[in-house]
$ cat query-v8.txt   # compact mmCIF, C-alpha atoms
# COMPACT_ATOMS: atom_id res chain seq x y z
CA MET A 1 -131.33 39.46 -145.26
CA PRO A 2 -129.91 40.72 -141.93
CA SER A 3 -127.10 38.52 -140.68
CA THR A 4 -128.91 37.43 -137.48
CA LEU A 5 -132.06 36.47 -139.37
CA GLU A 6 -129.94 34.74 -142.00
CA MET A 7 -128.18 32.70 -139.32
CA ILE A 8 -131.57 31.57 -137.98
CA LEU A 9 -133.38 30.84 -141.25
CA ALA A 10 -130.45 29.85 -143.46
CA PRO A 11 -127.88 27.93 -141.40
CA LYS A 12 -125.05 26.43 -143.42
CA SER A 13 -125.23 22.91 -141.97
CA ILE A 14 -127.70 20.12 -142.72
CA LEU A 15 -128.38 19.81 -139.00
CA GLY A 16 -129.25 23.50 -138.93
CA SER A 17 -131.58 23.00 -141.89
CA PHE A 18 -133.29 20.13 -140.09
CA ILE A 19 -133.82 22.23 -136.96
CA VAL A 20 -135.22 25.18 -138.95
CA LEU A 21 -137.65 22.96 -140.84
CA PHE A 22 -138.81 20.97 -137.82
CA VAL A 23 -139.22 23.91 -135.46
CA GLY A 24 -140.78 26.00 -138.21
CA GLY A 25 -143.29 23.25 -138.92
CA LEU A 26 -144.15 22.88 -135.25
CA LEU A 27 -144.94 26.60 -135.14
CA PHE A 28 -146.72 26.88 -138.49
CA TYR A 29 -149.04 23.88 -137.98
CA PRO A 30 -150.90 25.21 -134.91
CA LEU A 31 -150.87 28.70 -136.41
CA THR A 32 -152.71 27.61 -139.56
CA SER A 33 -154.74 24.58 -138.48
CA GLY A 34 -155.29 25.88 -134.96
CA THR A 35 -156.62 29.20 -136.20
CA SER A 36 -159.00 27.44 -138.57
CA TRP A 37 -160.21 25.05 -135.86
CA LEU A 38 -160.68 27.88 -133.36
CA TYR A 39 -162.70 29.97 -135.79
CA TYR A 40 -164.94 27.31 -137.36
CA ARG A 41 -165.31 24.79 -134.53
CA VAL A 42 -165.31 27.10 -131.50
CA LEU A 43 -166.08 30.75 -132.21
CA ARG A 44 -168.45 30.17 -135.17
CA ARG A 45 -169.53 26.61 -134.50
CA ASP A 46 -173.25 27.50 -134.43
CA ARG A 47 -172.93 29.13 -137.85
CA PHE A 48 -170.92 26.46 -139.65
CA PHE A 49 -171.42 23.14 -137.85
CA ALA A 50 -174.66 23.34 -135.88
CA GLY A 51 -176.13 20.62 -138.07
CA ASP A 52 -173.15 18.27 -138.06
CA GLY A 53 -172.74 17.25 -134.44
CA ASP A 54 -172.05 13.57 -135.16
CA ASN A 55 -169.09 14.36 -137.37
CA LEU A 56 -167.78 16.90 -134.87
CA LEU A 57 -167.69 14.08 -132.32
CA LYS A 58 -165.68 12.01 -134.80
CA GLU A 59 -163.30 14.93 -135.27
CA LYS A 60 -162.86 15.22 -131.51
CA GLY A 61 -162.18 11.50 -131.17
CA GLN A 62 -159.44 11.55 -133.81
CA ARG A 63 -157.69 14.76 -132.71
CA ASN A 64 -154.92 13.15 -130.67
CA THR A 65 -154.17 10.79 -133.57
CA GLU A 66 -154.02 13.73 -135.98
CA TRP A 67 -151.60 15.59 -133.71
CA ARG A 68 -149.41 12.50 -133.32
CA TRP A 69 -149.19 11.89 -137.07
CA ALA A 70 -148.58 15.58 -137.70
CA VAL A 71 -145.53 15.47 -135.42
CA TYR A 72 -144.31 12.27 -137.11
CA ASN A 73 -144.77 13.97 -140.46
CA LEU A 74 -143.01 17.18 -139.47
CA LEU A 75 -140.09 15.23 -138.03
CA GLY A 76 -139.75 12.93 -141.01
CA ASN A 77 -140.20 15.73 -143.52
CA ALA A 78 -137.53 17.80 -141.80
CA VAL A 79 -135.14 14.88 -142.34
CA LEU A 80 -136.15 14.37 -145.98
CA THR A 81 -136.22 18.07 -146.90
CA ALA A 82 -133.10 19.19 -144.99
CA PRO A 83 -130.74 18.38 -147.92
CA VAL A 84 -132.90 20.50 -150.27
CA HIS A 85 -132.89 23.40 -147.79
CA HIS A 86 -129.13 23.00 -147.36
CA PHE A 87 -128.48 23.08 -151.12
CA VAL A 88 -130.69 26.18 -151.50
CA VAL A 89 -129.02 28.22 -148.74
CA THR A 90 -125.51 27.20 -149.80
CA GLY A 91 -126.04 28.14 -153.45
CA LYS A 92 -126.11 24.61 -154.87
CA SER A 93 -129.51 25.01 -156.51
CA LYS A 94 -130.90 27.39 -159.13
CA VAL A 95 -132.59 29.54 -156.48
CA TYR A 96 -131.54 33.19 -156.68
CA PHE A 97 -132.06 35.96 -154.12
CA ASP A 98 -131.69 39.21 -156.06
CA ASP A 99 -134.94 40.43 -157.66
CA SER A 100 -133.05 42.20 -160.43
CA GLU A 101 -131.19 39.08 -161.52
CA HIS A 102 -133.97 37.96 -163.88
CA GLY A 103 -136.56 40.70 -163.49
CA LEU A 104 -140.15 40.79 -162.26
CA LEU A 105 -141.66 39.50 -165.52
CA TYR A 106 -139.57 36.34 -165.33
CA MET A 107 -140.50 35.92 -161.67
CA ALA A 108 -144.20 36.10 -162.59
CA MET A 109 -143.65 33.61 -165.40
CA THR A 110 -142.04 31.14 -163.01
CA VAL A 111 -145.18 31.21 -160.85
CA VAL A 112 -147.22 30.11 -163.87
CA LEU A 113 -144.56 27.58 -164.86
CA VAL A 114 -144.54 26.03 -161.40
CA LEU A 115 -148.31 25.59 -161.54
CA VAL A 116 -148.25 24.08 -165.04
CA ILE A 117 -145.48 21.62 -164.18
CA THR A 118 -146.49 20.61 -160.68
CA GLU A 119 -150.20 20.09 -161.30
CA PRO A 120 -149.86 16.82 -163.29
CA LEU A 121 -146.85 15.67 -161.26
CA VAL A 122 -148.61 16.12 -157.91
CA TYR A 123 -151.79 14.56 -159.34
CA TRP A 124 -149.91 11.42 -160.34
CA ALA A 125 -147.87 11.34 -157.13
CA HIS A 126 -151.15 11.39 -155.23
CA ARG A 127 -152.76 8.84 -157.47
CA VAL A 128 -149.76 6.49 -157.27
CA LEU A 129 -150.10 6.72 -153.48
CA HIS A 130 -153.53 5.15 -153.98
CA HIS A 131 -151.97 2.03 -155.49
CA PRO A 132 -152.95 -0.80 -153.10
CA VAL A 133 -149.37 -1.39 -151.92
CA LEU A 134 -148.49 2.26 -151.24
CA TYR A 135 -151.98 3.03 -150.00
CA LYS A 136 -151.92 0.44 -147.25
CA LYS A 137 -148.32 1.10 -146.23
CA ILE A 138 -148.23 4.90 -146.53
CA HIS A 139 -151.31 6.84 -147.64
CA LEU A 140 -153.80 5.06 -145.40
CA TYR A 141 -152.43 6.91 -142.38
CA HIS A 142 -153.91 10.10 -143.85
CA HIS A 143 -157.11 8.47 -145.08
CA GLN A 144 -157.89 6.98 -141.70
CA PHE A 145 -159.49 10.38 -141.08
CA ARG A 146 -162.64 9.90 -143.10
CA VAL A 147 -164.09 13.09 -141.64
CA PRO A 148 -161.28 15.62 -142.18
CA SER A 149 -160.67 18.58 -139.92
CA PRO A 150 -158.12 21.42 -140.02
CA TRP A 151 -155.83 19.22 -137.88
CA THR A 152 -155.82 16.60 -140.67
CA SER A 153 -153.86 19.02 -142.84
CA MET A 154 -150.47 17.71 -141.67
CA ALA A 155 -151.48 14.25 -140.41
CA PHE A 156 -149.52 12.22 -142.98
CA HIS A 157 -146.88 9.57 -143.17
CA PRO A 158 -143.79 11.72 -143.90
CA VAL A 159 -143.05 9.88 -147.16
CA ASP A 160 -146.60 10.64 -148.28
CA SER A 161 -146.42 14.41 -147.87
CA PHE A 162 -142.83 14.52 -149.16
CA MET A 163 -143.85 12.72 -152.37
CA GLN A 164 -146.61 15.25 -152.99
CA ALA A 165 -144.27 18.21 -152.37
CA LEU A 166 -141.33 16.68 -154.27
CA PRO A 167 -142.18 18.29 -157.66
CA HIS A 168 -141.83 21.73 -156.04
CA HIS A 169 -138.46 20.82 -154.52
CA LEU A 170 -137.10 19.33 -157.76
CA LEU A 171 -137.93 22.44 -159.78
CA VAL A 172 -135.37 24.53 -157.86
CA PHE A 173 -132.65 22.35 -159.42
CA ILE A 174 -134.09 22.63 -162.93
CA ILE A 175 -135.15 26.25 -163.51
CA PRO A 176 -133.87 29.52 -162.02
CA MET A 177 -136.37 30.50 -159.34
CA HIS A 178 -136.49 33.43 -156.97
CA VAL A 179 -136.37 32.36 -153.33
CA GLY A 180 -139.66 34.18 -152.72
CA VAL A 181 -141.46 32.08 -155.35
CA TYR A 182 -140.08 28.85 -153.90
CA MET A 183 -140.92 29.80 -150.32
CA PHE A 184 -144.38 31.03 -151.33
CA PHE A 185 -145.33 27.66 -152.81
CA ILE A 186 -143.83 25.62 -149.96
CA MET A 187 -145.71 27.67 -147.35
CA PHE A 188 -148.88 27.91 -149.43
CA LEU A 189 -149.01 24.12 -149.73
CA GLN A 190 -149.50 23.93 -145.96
CA LEU A 191 -152.01 26.77 -146.00
CA TRP A 192 -153.89 25.14 -148.87
CA SER A 193 -153.88 21.81 -147.04
CA THR A 194 -155.58 23.58 -144.13
CA PHE A 195 -158.18 25.11 -146.45
CA ILE A 196 -159.16 21.84 -148.13
CA HIS A 197 -159.52 19.95 -144.84
CA GLU A 198 -161.74 22.54 -143.11
CA ARG A 199 -165.03 21.19 -144.52
CA VAL A 200 -166.06 24.80 -145.16
CA THR A 201 -166.15 25.90 -148.81
CA PHE A 202 -166.26 29.50 -149.96
CA VAL A 203 -165.07 29.15 -153.55
CA ARG A 204 -167.18 26.74 -155.58
CA TRP A 205 -165.62 27.32 -158.98
CA GLY A 206 -165.37 23.98 -160.79
CA PHE A 207 -161.85 24.78 -162.02
CA ILE A 208 -160.61 24.81 -158.40
CA ASN A 209 -160.08 21.67 -156.34
CA TYR A 210 -161.98 23.35 -153.53
CA THR A 211 -162.67 22.13 -150.00
CA ALA A 212 -165.76 20.02 -150.67
CA CYS A 213 -163.89 18.23 -153.47
CA HIS A 214 -161.32 17.06 -150.96
CA THR A 215 -163.95 16.27 -148.34
CA LEU A 216 -165.42 13.89 -150.92
CA HIS A 217 -161.94 12.47 -151.57
CA HIS A 218 -161.76 11.47 -147.90
CA ARG A 219 -165.26 9.98 -147.97
CA ALA A 220 -164.93 8.11 -151.29
CA ASN A 221 -161.25 8.01 -152.05
CA LYS A 222 -161.32 7.27 -155.76
CA TYR A 223 -162.00 10.86 -156.81
CA ASN A 224 -160.43 14.33 -156.85
CA TYR A 225 -156.68 13.73 -156.59
CA GLY A 226 -155.64 17.16 -157.89
CA GLN A 227 -153.40 19.73 -156.24
CA PHE A 228 -154.99 23.18 -156.67
CA PHE A 229 -157.14 22.59 -159.76
CA THR A 230 -159.47 19.93 -161.16
CA VAL A 231 -157.95 19.94 -164.68
CA CYS A 232 -155.99 16.70 -164.27
CA ASP A 233 -158.92 14.93 -162.63
CA ARG A 234 -161.09 15.93 -165.56
CA ILE A 235 -158.47 14.83 -168.11
CA TRP A 236 -157.92 11.41 -166.50
CA GLY A 237 -161.53 10.77 -165.49
CA THR A 238 -161.29 10.99 -161.70
CA TYR A 239 -163.27 14.17 -161.11
CA LYS A 240 -166.53 14.04 -159.18
CA ALA A 241 -168.53 17.14 -158.29
CA PRO A 242 -169.06 17.17 -154.52
CA LEU A 243 -172.14 19.37 -154.16
CA GLY A 244 -174.93 17.51 -152.40
CA LEU A 245 -172.63 14.59 -151.58
CA VAL A 246 -170.80 15.86 -148.48
CA TYR A 247 -171.62 18.19 -145.62
CA ASP A 248 -170.31 21.69 -146.27
CA GLY A 249 -170.24 24.12 -143.36
CA ALA A 250 -170.53 27.12 -145.65
CA ASP A 251 -173.89 25.95 -147.00
CA ALA A 252 -176.16 28.47 -145.30
CA SER A 253 -179.17 26.20 -145.80
CA GLY A 254 -177.60 23.66 -143.45
CA ALA A 255 -178.44 20.98 -145.99
CA ARG A 256 -177.44 17.45 -145.16
CA PRO A 257 -175.82 15.32 -147.89
CA SER A 258 -178.25 13.48 -150.10
CA GLY A 259 -178.61 9.72 -149.95
CA SER A 260 -176.27 9.40 -152.94
CA VAL A 261 -173.23 10.21 -150.82
CA ARG A 262 -173.90 7.12 -148.76
CA SER A 263 -173.69 4.94 -151.84
CA VAL A 264 -170.58 6.75 -153.03
CA ALA A 265 -168.88 6.43 -149.67
CA LYS A 266 -170.08 2.85 -149.22
CA ALA A 267 -168.23 1.84 -152.37
CA SER A 268 -164.98 2.54 -150.52
CA ALA A 269 -166.21 2.34 -146.94
CA ASP A 270 -163.12 0.45 -145.87
CA PRO A 271 -160.27 2.96 -146.20
CA GLY A 272 -157.87 0.03 -146.60
CA VAL A 273 -159.56 -1.07 -149.81
CA GLU A 274 -158.43 0.85 -152.86
CA GLU A 275 -158.20 -0.19 -156.47
CA PHE A 276 -155.55 1.74 -158.41
CA SER A 277 -157.09 0.96 -161.77
CA GLN A 278 -160.53 2.25 -160.84
CA SER A 279 -161.69 5.81 -161.12

$ encode --input "query-v8.txt" --output "structure tokens"
Amino acid sequence: MPSTLEMILAPKSILGSFIVLFVGGLLFYPLTSGTSWLYYRVLRRDRFFAGDGDNLLKEKGQRNTEWRWAVYNLLGNAVLTAPVHHFVVTGKSKVYFDDSEHGLLYMAMTVVLVLVITEPLVYWAHRVLHHPVLYKKIHLYHHQFRVPSPWTSMAFHPVDSFMQALPHHLLVFIIPMHVGVYMFFIMFLQLWSTFIHERVTFVRWGFINYTACHTLHHRANKYNYGQFFTVCDRIWGTYKAPLGLVYDGADASGARPSGSVRSVAKASADPGVEEFSQS
């Protein structure tokens, strides 16, 4: 890494780490969520959301709140994650920077290992956040947006999003991991969060926790807690197929949700009411 770029991205102080993370987040959020919003809600609105005007009005009404909570989240997460960043750049973790140190095969294996380890951990971190105490004090700030939009992707209480990213951070102190693998997952988490809040689904493979699955999670918040896949939801009985239950902008037929979504959503119509023991 060139010395100037290294000084910018890998400062040796915790304060420097905080600044990098906060400023980077402020730049990355509008780049990802803003691009999605511009494409789906402005440039291609007639294609994807012509039949969902009421919900677009709800999105518009909540936008300032989403932006405010996104800034709170980015600020708080920069504080919480700065020590991890500092340990990584100062060599106090198991992150390595030389590709040849463990080889490309090992690097590929760590990608699989990260997925296998983090899937159940993130699932249970998310599900624990739905415990009535944590839900009302922390997770409700994200679930106040019952109609998600790309801007919802970072609108969290900072403890909430940090808890769900924590398994990825902890792994760099447990297994040797190339910096590229670690950075890929940290950045992809934000990109993925944008994807699943867009309300436009292009991959409807049941193995994937795709966009409509998460749209349903916001509408009826006792289902679909998974990270990237639905495996853990299926194992622990919290999976619910979303097709026909929520509006999906990629449905070319423009189909409205069936009446069943109203009963599903009505069961948890108050976002402050959540039973941890129920699935």

$ residues_around --input "query-v8.txt" --residues "Glu59 (chain A)" --least-positions-apart "6" --cutoff "12 Å" --atoms "all atoms listed in the file" --output "mmCIF file with C-alpha atoms, in the frame of the given file"
data_model
loop_
_atom_site.group_PDB
_atom_site.id
_atom_site.type_symbol
_atom_site.label_atom_id
_atom_site.label_comp_id
_atom_site.auth_asym_id
_atom_site.auth_seq_id
_atom_site.Cartn_x
_atom_site.Cartn_y
_atom_site.Cartn_z
ATOM 1 C CA TRP A 37 -160.210 25.050 -135.860
ATOM 2 C CA ARG A 41 -165.310 24.790 -134.530
ATOM 3 C CA PHE A 49 -171.420 23.140 -137.850
ATOM 4 C CA ASP A 52 -173.150 18.270 -138.060
ATOM 5 C CA GLY A 53 -172.740 17.250 -134.440
ATOM 6 C CA THR A 65 -154.170 10.790 -133.570
ATOM 7 C CA GLU A 66 -154.020 13.730 -135.980
ATOM 8 C CA TRP A 67 -151.600 15.590 -133.710
ATOM 9 C CA GLN A 144 -157.890 6.980 -141.700
ATOM 10 C CA PHE A 145 -159.490 10.380 -141.080
ATOM 11 C CA ARG A 146 -162.640 9.900 -143.100
ATOM 12 C CA VAL A 147 -164.090 13.090 -141.640
ATOM 13 C CA PRO A 148 -161.280 15.620 -142.180
ATOM 14 C CA SER A 149 -160.670 18.580 -139.920
ATOM 15 C CA PRO A 150 -158.120 21.420 -140.020
ATOM 16 C CA TRP A 151 -155.830 19.220 -137.880
ATOM 17 C CA THR A 152 -155.820 16.600 -140.670
ATOM 18 C CA HIS A 197 -159.520 19.950 -144.840
ATOM 19 C CA GLU A 198 -161.740 22.540 -143.110
ATOM 20 C CA ARG A 199 -165.030 21.190 -144.520
#

$ residues_around --input "query-v8.txt" --residues "Leu121 (chain A)" --least-positions-apart "3" --cutoff "9 Å" --atoms "only C-alpha atoms" --output "PyMOL selection string"
chain A and resi 117-118+124-126+164+166-167

$ atom_distance --input "query-v8.txt" --atom1 "CA of Ile196 (chain A)" --atom2 "CA of Val112 (chain A)"
21.4 Å

$ atom_distance --input "query-v8.txt" --atom1 "CA of Arg127 (chain A)" --atom2 "CA of Gly206 (chain A)"
20.0 Å

$ residues_around --input "query-v8.txt" --residues "Ile14 (chain A)" --least-positions-apart "4" --cutoff "10 Å" --atoms "only C-alpha atoms" --output "PDB file with C-alpha atoms, keeping the file's coordinate frame"
ATOM      1  CA  PHE A  18    -133.290  20.130-140.090  1.00  0.00           C
ATOM      2  CA  ILE A  19    -133.820  22.230-136.960  1.00  0.00           C
ATOM      3  CA  VAL A  20    -135.220  25.180-138.950  1.00  0.00           C
ATOM      4  CA  VAL A  79    -135.140  14.880-142.340  1.00  0.00           C
ATOM      5  CA  THR A  81    -136.220  18.070-146.900  1.00  0.00           C
ATOM      6  CA  ALA A  82    -133.100  19.190-144.990  1.00  0.00           C
ATOM      7  CA  PRO A  83    -130.740  18.380-147.920  1.00  0.00           C
ATOM      8  CA  VAL A  84    -132.900  20.500-150.270  1.00  0.00           C
ATOM      9  CA  HIS A  85    -132.890  23.400-147.790  1.00  0.00           C
ATOM     10  CA  HIS A  86    -129.130  23.000-147.360  1.00  0.00           C
ATOM     11  CA  PHE A  87    -128.480  23.080-151.120  1.00  0.00           C
TER      12      PHE A  87
END

$ residues_around --input "query-v8.txt" --residues "Pro242 (chain A)" --least-positions-apart "3" --cutoff "6 Å" --atoms "only C-alpha atoms" --output "list in words"
Ala212, Cys213 and Leu245 of chain A

$ atom_distance --input "query-v8.txt" --atom1 "CA of Arg234 (chain A)" --atom2 "CA of Ser193 (chain A)"
20.7 Å

$ closest_residue --input "query-v8.txt" --among "A:Ala241, A:Val181, A:Leu129, A:Leu191" --to "Met163 (chain A)" --atoms "only C-alpha atoms"
A:Leu129

$ axis_aligned_box --input "query-v8.txt" --around "region 95-111 of chain A" --padding-each-side "4 Å" --output "lines of an AutoDock Vina configuration file"
center_x = -138.2
center_y = 35.9
center_z = -159.8
size_x = 22.0
size_y = 20.7
size_z = 19.4
